[in-house]
Amino acid sequence: MDALLKVEDLHVNFKTPFGMAKVLNGVSLYIKPQEIVSLVGETGCGKSITAKSILDVLPETSIISGKISLKDKDFLSIGKKERRTLIRSRIGYIPQNPMTSLNPVFTIGEVFFDLIKWHGKEIVPWRAYRKWKRHIKEERDIAIELLKKVHLPQPEDVLSKYPTQLSGGMRQRVLIAMSMIGNREFLIADEPTTALDVTIQKGIVELIKEKVEEERLSVLYITHNLGVAKYLSNRIYVMYAGDIVEFGPSESLLRNPLHPYTQGLLNSIPKLVKTGFSGIPGRLPSYITPPEGCRFSPRCPKSMEICNNIKPPLKEVEEGHFVRCHLYGKDN
Ligand SMILES: Nc1ncnc2c1ncn2[C@@H]1O[C@H](COP(=O)(O)OP(=O)(O)O)[C@@H](O)[C@H]1O
Ligand SMILES: [Mg+2]
């Protein structure tokens with residue numbers, strides 16, 4: 001398959017004082033060149049851990065297994081240094097919270113010039129760094145160009161500002177500009193609008209869509225908002241408690257949601273015309289003692305005996321539209 005990024009059977013456990021937390025339970029997903037793929041699911045279901053695994057920024061207490069490959073290069077089997085260089089130079093990242101993602105003691109310019117100069121490099125020699133500090137003309141031009149691309153007025157002015165002098169929406173635009181440094185081909189956006197005011201969320205989603213199309217990027221867009229997922233992406237993966245429970249083309253998945261969890265998520269969206277939407281009762285299971293079979297079974301309105309004991313296999317129900325649920329039997 002011609003995937004750009006491929007995650008196969010990814011398991012991530014955490015050592016905790018209460019035992020081993022088995023968070024990611026065999027996650028597999030792929031993203032083709034120029035494809036925008038959304039990963040949706042409620043808070044705590046493992047979306048950011050999936051992103052952190054790909055970006056190689058998991059905490060020390062984690063144990064990871066499986067395969068993550070970018071253009072067939074298996075990340076987990078190469079050395080840490082080569083891996084980090086590859087990731088930093090190829091994958092752009094837009095974080096969830098622009099308010100905490102920029103160091104308050106540096107101006108936007110200082111951070112930006114450093115990122116441009118040392119993009120993709122693992123170690124910065126201090127002497128070269130001090131010498132370079134005096135010659136930043138080229139970096140300044142690149143930064144201004146990128147800030148213009150994210151429609152920030154007076155980019156020269158923005159470069160001299162400290163993060164606290166900018167609004168949340170402006171900071172997120174700066175971070176989007178920073179994620180575009182170098183020749184990135186892949187972008188991970190982890191709930192990039194969640195921390196922003198509702199009024200500016202739409203502008204940021206529009207901006208990401210525009211940039212992705214302009215730069216022909218492939219994207220993993222993480223969100224808990226199915227509406228945004230539908231608007232942005234070609235395909236959607238639905239995650240529950242560390243398992244991908246359903247995935248497929250956005251149109252097929254939203255027209256014909258198969259997994260009771262996906263159906264519950266869709267029913268939880270408040271509708272202006274229809275009153276009486278229902279949420280999904282219950283909450284995520286403990287990752288230290290997760291259910292043995294389907295992790296959704298304790299909350300599932302259609303749960304059967306088998307669901308408690310056996311993890312369901314993947315079944316392709318429509319073309320490219322897969323579900324992991326005993327209601328749909330097994331693929332032969
Ligand atoms: N450092 C950690 N140690 C133990 N458990 C963790 C750690 N980080 C995350 N988790 C567990 O992983 C779960 C999934 O986290 P996360 O991927 O951040 O969820 P989300 O889908 O909201 O992004 C959390 O609910 C938490 O239980
Ligand atoms: Mg998260």
# chains A, B, ... in the order shown; residues from 1 in each chain; ligands from 1
call {"tool": "residues_near_ligand", "arguments": {"ligand": "ligand 1", "cutoff": "10 Å", "atoms": "only C-alpha atoms and all ligand atoms", "output": "VMD selection string"}}
result
chain A and resid 12 to 24 39 to 53 58 to 62 96 190 to 191 222 to 224 239 to 242 284 to 288
call {"tool": "select_by_dssp", "arguments": {"residues": "range 37-278 of chain A", "states": "strand (DSSP E)", "output": "ChimeraX atom specification"}}
result
/A:37-40,62-70,73-74,91-94,186-190,218-223,235-240,243-249
call {"tool": "closest_residue", "arguments": {"among": "A:Ile31, A:Leu232, A:Ile68, A:Leu314", "to": "His259 in chain A", "atoms": "only C-alpha atoms"}}
result
A:Leu314
call {"tool": "closest_residue", "arguments": {"among": "A:Leu115, A:Ile64, A:Ile142, A:Ile108", "to": "Asp157 in chain A", "atoms": "only C-alpha atoms"}}
result
A:Ile108
call {"tool": "closest_residue", "arguments": {"among": "A:Ile87, A:Ile94, A:Asp114, A:Tyr231", "to": "Thr193 in chain A", "atoms": "only C-alpha atoms"}}
result
A:Ile94
call {"tool": "closest_residue", "arguments": {"among": "A:Pro192, A:Val150, A:Met99, A:Asn183", "to": "Leu166 in chain A", "atoms": "only C-alpha atoms"}}
result
A:Met99
call {"tool": "residues_around", "arguments": {"residues": "Ile136 in chain A", "least_positions_apart": "6", "cutoff": "12 Å", "atoms": "only C-alpha atoms", "output": "PyMOL selection string"}}
result
chain A and resi 109-110+112-117+129-130+142-143
call {"tool": "atom_distance", "arguments": {"atom1": "CA of Gly329 in chain A", "atom2": "CA of Arg235 in chain A"}}
result
22.9 Å
call {"tool": "residues_around", "arguments": {"residues": "Glu319 in chain A", "least_positions_apart": "2", "cutoff": "9 Å", "atoms": "only C-alpha atoms", "output": "list of chain:residue names"}}
result
A:Gly248, A:Pro249, A:Ser252, A:Glu316, A:Val317, A:His321, A:Phe322
call {"tool": "write_last_selection", "arguments": {"atoms": "N, CA and C atoms", "output": "PDB file, in the first residue's frame"}}
result
ATOM      1  N   GLY A 248     -13.182   4.609   8.273  1.00  0.00           N
ATOM      2  CA  GLY A 248     -13.636   4.531   6.897  1.00  0.00           C
ATOM      3  C   GLY A 248     -13.719   5.911   6.285  1.00  0.00           C
ATOM      4  N   PRO A 249     -14.125   5.985   5.012  1.00  0.00           N
ATOM      5  CA  PRO A 249     -14.309   7.283   4.365  1.00  0.00           C
ATOM      6  C   PRO A 249     -15.324   8.096   5.176  1.00  0.00           C
ATOM      7  N   SER A 252     -19.069   7.695   4.302  1.00  0.00           N
ATOM      8  CA  SER A 252     -19.635   6.392   4.646  1.00  0.00           C
ATOM      9  C   SER A 252     -19.816   6.244   6.159  1.00  0.00           C
ATOM     10  N   GLU A 316     -14.781  -5.596   7.388  1.00  0.00           N
ATOM     11  CA  GLU A 316     -15.050  -4.570   6.372  1.00  0.00           C
ATOM     12  C   GLU A 316     -16.513  -4.681   5.954  1.00  0.00           C
ATOM     13  N   VAL A 317     -17.301  -3.646   6.252  1.00  0.00           N
ATOM     14  CA  VAL A 317     -18.733  -3.714   5.999  1.00  0.00           C
ATOM     15  C   VAL A 317     -19.103  -3.021   4.681  1.00  0.00           C
ATOM     16  N   HIS A 321     -14.586   0.705   4.742  1.00  0.00           N
ATOM     17  CA  HIS A 321     -15.244   1.071   5.999  1.00  0.00           C
ATOM     18  C   HIS A 321     -15.253  -0.154   6.926  1.00  0.00           C
ATOM     19  N   PHE A 322     -14.429  -0.079   7.977  1.00  0.00           N
ATOM     20  CA  PHE A 322     -14.212  -1.220   8.853  1.00  0.00           C
ATOM     21  C   PHE A 322     -14.788  -0.967  10.240  1.00  0.00           C
TER      22      PHE A 322
END
call {"tool": "residues_around", "arguments": {"residues": "Phe247 in chain A", "least_positions_apart": "3", "cutoff": "8 Å", "atoms": "only C-alpha atoms", "output": "VMD selection string"}}
result
chain A and resid 235 to 238 244 253 320 to 323
call {"tool": "write_last_selection", "arguments": {"atoms": "N, CA and C atoms", "output": "PDB file, in the first residue's frame"}}
result
ATOM      1  N   ARG A 235     -10.926  10.651   5.489  1.00  0.00           N
ATOM      2  CA  ARG A 235     -11.261   9.452   6.253  1.00  0.00           C
ATOM      3  C   ARG A 235     -11.237   9.782   7.744  1.00  0.00           C
ATOM      4  N   ILE A 236     -11.993   8.971   8.522  1.00  0.00           N
ATOM      5  CA  ILE A 236     -12.070   9.181   9.966  1.00  0.00           C
ATOM      6  C   ILE A 236     -11.771   7.867  10.691  1.00  0.00           C
ATOM      7  N   TYR A 237     -10.939   7.956  11.745  1.00  0.00           N
ATOM      8  CA  TYR A 237     -10.738   6.832  12.660  1.00  0.00           C
ATOM      9  C   TYR A 237     -11.426   7.174  13.975  1.00  0.00           C
ATOM     10  N   VAL A 238     -12.208   6.243  14.503  1.00  0.00           N
ATOM     11  CA  VAL A 238     -12.874   6.468  15.793  1.00  0.00           C
ATOM     12  C   VAL A 238     -12.164   5.617  16.840  1.00  0.00           C
ATOM     13  N   ILE A 244      -8.944   1.321  18.080  1.00  0.00           N
ATOM     14  CA  ILE A 244      -9.668   1.892  16.939  1.00  0.00           C
ATOM     15  C   ILE A 244     -10.895   1.002  16.753  1.00  0.00           C
ATOM     16  N   LEU A 253     -18.796   6.707   6.910  1.00  0.00           N
ATOM     17  CA  LEU A 253     -18.824   6.546   8.364  1.00  0.00           C
ATOM     18  C   LEU A 253     -19.937   7.372   9.009  1.00  0.00           C
ATOM     19  N   GLY A 320     -13.752  -0.072   2.254  1.00  0.00           N
ATOM     20  CA  GLY A 320     -12.839   0.749   3.055  1.00  0.00           C
ATOM     21  C   GLY A 320     -13.394   1.152   4.414  1.00  0.00           C
ATOM     22  N   HIS A 321     -14.586   0.705   4.742  1.00  0.00           N
ATOM     23  CA  HIS A 321     -15.244   1.071   5.999  1.00  0.00           C
ATOM     24  C   HIS A 321     -15.253  -0.154   6.926  1.00  0.00           C
ATOM     25  N   PHE A 322     -14.429  -0.079   7.977  1.00  0.00           N
ATOM     26  CA  PHE A 322     -14.212  -1.220   8.853  1.00  0.00           C
ATOM     27  C   PHE A 322     -14.788  -0.967  10.240  1.00  0.00           C
ATOM     28  N   VAL A 323     -15.237  -2.029  10.897  1.00  0.00           N
ATOM     29  CA  VAL A 323     -15.708  -1.909  12.276  1.00  0.00           C
ATOM     30  C   VAL A 323     -15.155  -3.067  13.106  1.00  0.00           C
TER      31      VAL A 323
END
call {"tool": "select_by_dssp", "arguments": {"residues": "range 77-312 of chain A", "states": "helix (DSSP H, G or I)", "output": "number ranges by chain"}}
result
A: 77, 80-90, 108-117, 126-132, 137-149, 155-159, 163-165, 168-179, 198-215, 226-232, 250-255, 260-267, 297-299, 305-309
call {"tool": "decode", "arguments": {"residues": "range 63-80 of chain A", "atoms": "N, CA and C atoms", "output": "short mmCIF file (atom, residue, chain, number, x, y, z; two decimals), in the first residue's frame"}}
result
data_model
loop_
_atom_site.label_atom_id
_atom_site.label_comp_id
_atom_site.auth_asym_id
_atom_site.auth_seq_id
_atom_site.Cartn_x
_atom_site.Cartn_y
_atom_site.Cartn_z
N ILE A 63 6.06 2.29 27.94
CA ILE A 63 6.67 1.16 27.23
C ILE A 63 5.91 1.03 25.92
N ILE A 64 6.66 1.11 24.82
CA ILE A 64 5.99 1.14 23.51
C ILE A 64 6.38 -0.10 22.71
N SER A 65 5.42 -0.66 21.97
CA SER A 65 5.76 -1.72 21.03
C SER A 65 4.86 -1.60 19.80
N GLY A 66 5.30 -2.19 18.71
CA GLY A 66 4.55 -2.08 17.45
C GLY A 66 5.44 -1.50 16.39
N LYS A 67 4.83 -0.94 15.34
CA LYS A 67 5.62 -0.42 14.24
C LYS A 67 5.06 0.93 13.80
N ILE A 68 5.95 1.92 13.65
CA ILE A 68 5.53 3.21 13.12
C ILE A 68 6.46 3.52 11.96
N SER A 69 5.92 3.67 10.76
CA SER A 69 6.83 3.95 9.65
C SER A 69 6.38 5.13 8.82
N LEU A 70 7.38 5.92 8.41
CA LEU A 70 7.14 7.05 7.53
C LEU A 70 7.84 6.70 6.23
N LYS A 71 7.07 6.62 5.15
CA LYS A 71 7.61 6.20 3.85
C LYS A 71 8.43 4.91 3.98
N ASP A 72 7.87 3.94 4.67
CA ASP A 72 8.48 2.62 4.83
C ASP A 72 9.72 2.60 5.71
N LYS A 73 10.10 3.72 6.31
CA LYS A 73 11.23 3.71 7.25
C LYS A 73 10.65 3.47 8.64
N ASP A 74 11.03 2.35 9.23
CA ASP A 74 10.48 1.97 10.52
C ASP A 74 11.17 2.76 11.65
N PHE A 75 10.42 3.69 12.25
CA PHE A 75 10.96 4.56 13.31
C PHE A 75 11.55 3.79 14.48
N LEU A 76 10.78 2.78 14.92
CA LEU A 76 11.14 2.16 16.19
C LEU A 76 12.36 1.25 16.06
N SER A 77 12.78 0.96 14.82
CA SER A 77 13.92 0.06 14.69
C SER A 77 15.22 0.82 14.38
N ILE A 78 15.15 2.15 14.19
CA ILE A 78 16.38 2.91 13.95
C ILE A 78 16.83 3.62 15.23
N GLY A 79 18.07 4.09 15.25
CA GLY A 79 18.62 4.73 16.44
C GLY A 79 17.86 6.00 16.82
N LYS A 80 17.93 6.35 18.10
CA LYS A 80 17.17 7.48 18.62
C LYS A 80 17.50 8.78 17.89
#
